[in-house]
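Worksheet: the structure to be examined is printed underneath.
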Amino acid sequence: MEKDIVTYDDIYFARNNIKKYIYKTPLDYSIYLSSKSTNIFLKLECQQKLKCFKIRGALNKLMSLSSEEKDRGVMAVSSGNHGAGVSYAAKLLGGIKAKIYVPATIPESKLEKIRYYGGEVIAVGENYDEAHKFGLEALEKNKLTFIDPCSDIEAIAGQGSIAMEILEDNSDIDIILAPIGGGGLITGLAVAAKKMKPKIKIIGVQTKACPAMVKSLEDNICYEDYPSQPSICDALIGGIGEIPFNMADKCIDDILLVEESDIRKAVHHLMTKEKVIAEPAGAVGVAAVLNYPHIFDNKNTAIIISGGNLDKKLMKDIIIN
């Protein structure tokens with residue numbers, strides 16, 4: 001049986017499907033990260049609706065549901081941004097019932113958005129993997145449709161629309177640099193970008209606290225659950241999806257690992273230099289450029305700033321320290 005794959009046609013359809021509901025976010029040139037031999041651009045998905053790219057995949061998935069599935073309702077597991085995206089999409093598309101399982105440690109800034117748009121929050125577990133386990137157990141007892149941001153064709157296709165925007169705005173981009181959590185974002189980006197520009201490189205970034213994709217590829221095992229050291233990157237914690245794992249050899253050219261301290265510096269840089277508010281998971285690409293500058297020398301690189309839901313306490317701590 002052929003494994004599920006995401007195609008360019010899926011992404012092209014998704015882009016047209018969700019276009020009227022989302023922002024085409026800016027691709028801004030960074031004078032601070034660029035040099036005479038390097039051009040760095042920031043794809044500001046932190047300025048997307050809900051301050052995160054996840055609305056793209058959530059919308060495309062919910063729009064694909066049958067009337068019967070919409071009537072029954074949906075369920076998602078999230079560290080925050082995906083849950084907010086599902087809640088927003090569910091309300092937008094006629095008030096679909098949405099249950100969102102989240103870790104008890106979810107930042108308040110993300111929890112507020114889920115609840116504001118009508119999602120029923122169930123806070124369980126100390127991390128994403130624990131919440132995921134509880135959510136899937138509950139799913140078996142209900143008839144809700146599971147909205148998976150990491151291993152669902154429609155959701156991944158929605159995320160891939162970002163790459164279409166990048167290359168439409170600047171066809172000279174040589175590298176797209178993206179965070180890897182479950183892998184849905186980088187998979188969608190790669191499928192679209194490599195179709196539009198076959199020689200483009202897609203590089204992922206993970207925190208050293210939770211290198212789930214790196215270890216999965218090294219061991220040739222899809223780690224759908226993965227332990228993490230303490231991390232400020234709540235959106236990058238946990239395992240990876242089966243579709244991203246199966247497609248990784250065609251989608252991911254390299255993965256860079258960054259330290260938690262360097263991620264804090266990247267968030268600080270974005271705030272103080274670029275005047276951009278990014279949550280830690282959204283800033284890992286900047287951390288990679290600051291730590292591996294030689295990789296980007298003589299290249300035009302677009303960094304996905306994937307989210308801007310920065311917790312207030314963490315913001316203060318990063319600014320002060």
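Ordering of the structure tokens sets the chain letters (A, B, ...); residue numbers start at 1 within each chain; ligands are numbered from 1 in the order shown.
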Report task. Using only C-alpha atoms, determine which residues lie at most 10 Å from Cys222 in chain A, disregarding the query and same-chain residues fewer than 3 positions distant; provide the list as a PyMOL selection string. Result -> chain A and resi 212-213+215-217+219+225-226+239-246
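For the pair CA of Arg264 in chain A and CA of Gly80 in chain A, the separation is 19.5 Å.
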Requested in this report: Run DSSP on the backbone of this structure and report the residues of range 50-254 of chain A it assigns to strand (DSSP E), as a list of chain:residue names.
Outcome: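 Matching residues, listed in order: A:Val74, A:Met75, A:Ala76, A:Val77, A:Ala98, A:Lys99, A:Ile100, A:Tyr101, A:Val102, A:Glu120, A:Val121, A:Ile122, A:Ala123, A:Thr145, A:Phe146, A:Ile175, A:Ile176, A:Leu177, A:Ala178, A:Pro179, A:Lys201, A:Ile202, A:Ile203, A:Gly204, A:Val205, A:Gln206, A:Thr207, A:Asp254.
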Requested in this report: Identify, on the basis of only C-alpha atoms, every residue whose closest approach to range 306-316 of chain A does not exceed 6 Å; exclude the query and any residue fewer than 5 positions from it along the same chain; express the result as a list in words.
Outcome: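 Close residues of range 306-316 of chain A: Glu45, Cys46, Lys51, Cys52, Phe53, Ser109, Ile277, Ala278, Glu279 and Gly282 of chain A.
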Once you have the residues from the selection above, write them out as a PDB file, in the first residue's frame, restricted to C-alpha atoms.
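For reference, part.pdb as written:
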```
ATOM      1  CA  GLU A  45       4.077  34.445   9.868  1.00  0.00           C
ATOM      2  CA  CYS A  46       4.158  35.925  13.373  1.00  0.00           C
ATOM      3  CA  LYS A  51       0.032  35.444  15.170  1.00  0.00           C
ATOM      4  CA  CYS A  52       0.913  32.005  13.800  1.00  0.00           C
ATOM      5  CA  PHE A  53       1.066  30.004  10.552  1.00  0.00           C
ATOM      6  CA  SER A 109      -1.263  33.954  25.744  1.00  0.00           C
ATOM      7  CA  ILE A 277       7.769  39.855  18.284  1.00  0.00           C
ATOM      8  CA  ALA A 278       8.467  36.140  17.889  1.00  0.00           C
ATOM      9  CA  GLU A 279       7.895  33.248  20.243  1.00  0.00           C
ATOM     10  CA  GLY A 282       9.438  31.036  15.713  1.00  0.00           C
TER      11      GLY A 282
END
```
Query raised in the report: So which residues touch Thr301 in chain A within 9 Å, counting only C-alpha atoms, skipping near sequence neighbours fewer than 3 positions away, as an MDAnalysis selection string?
Result: chainID A and resid 38:42 173:177 296
With range 134-151 of chain A as the partner and 6 Å as the cut-off, tabulate the residues of range 46-118 of chain A that qualify, each row holding the nearest pair of atoms and their distance in Å to one decimal, using only C-alpha atoms, sorted by chain and rising number, as a Markdown table.
```
| residue | atom | partner | partner_atom | distance |
| --- | --- | --- | --- | --- |
| A:Arg72 | CA | A:Leu144 | CA | 5.8 |
| A:Gly73 | CA | A:Leu144 | CA | 5.2 |
| A:Val74 | CA | A:Thr145 | CA | 4.5 |
| A:Met75 | CA | A:Phe146 | CA | 4.9 |
| A:Ala76 | CA | A:Ile147 | CA | 5.2 |
| A:Tyr101 | CA | A:Gly135 | CA | 5.9 |
```
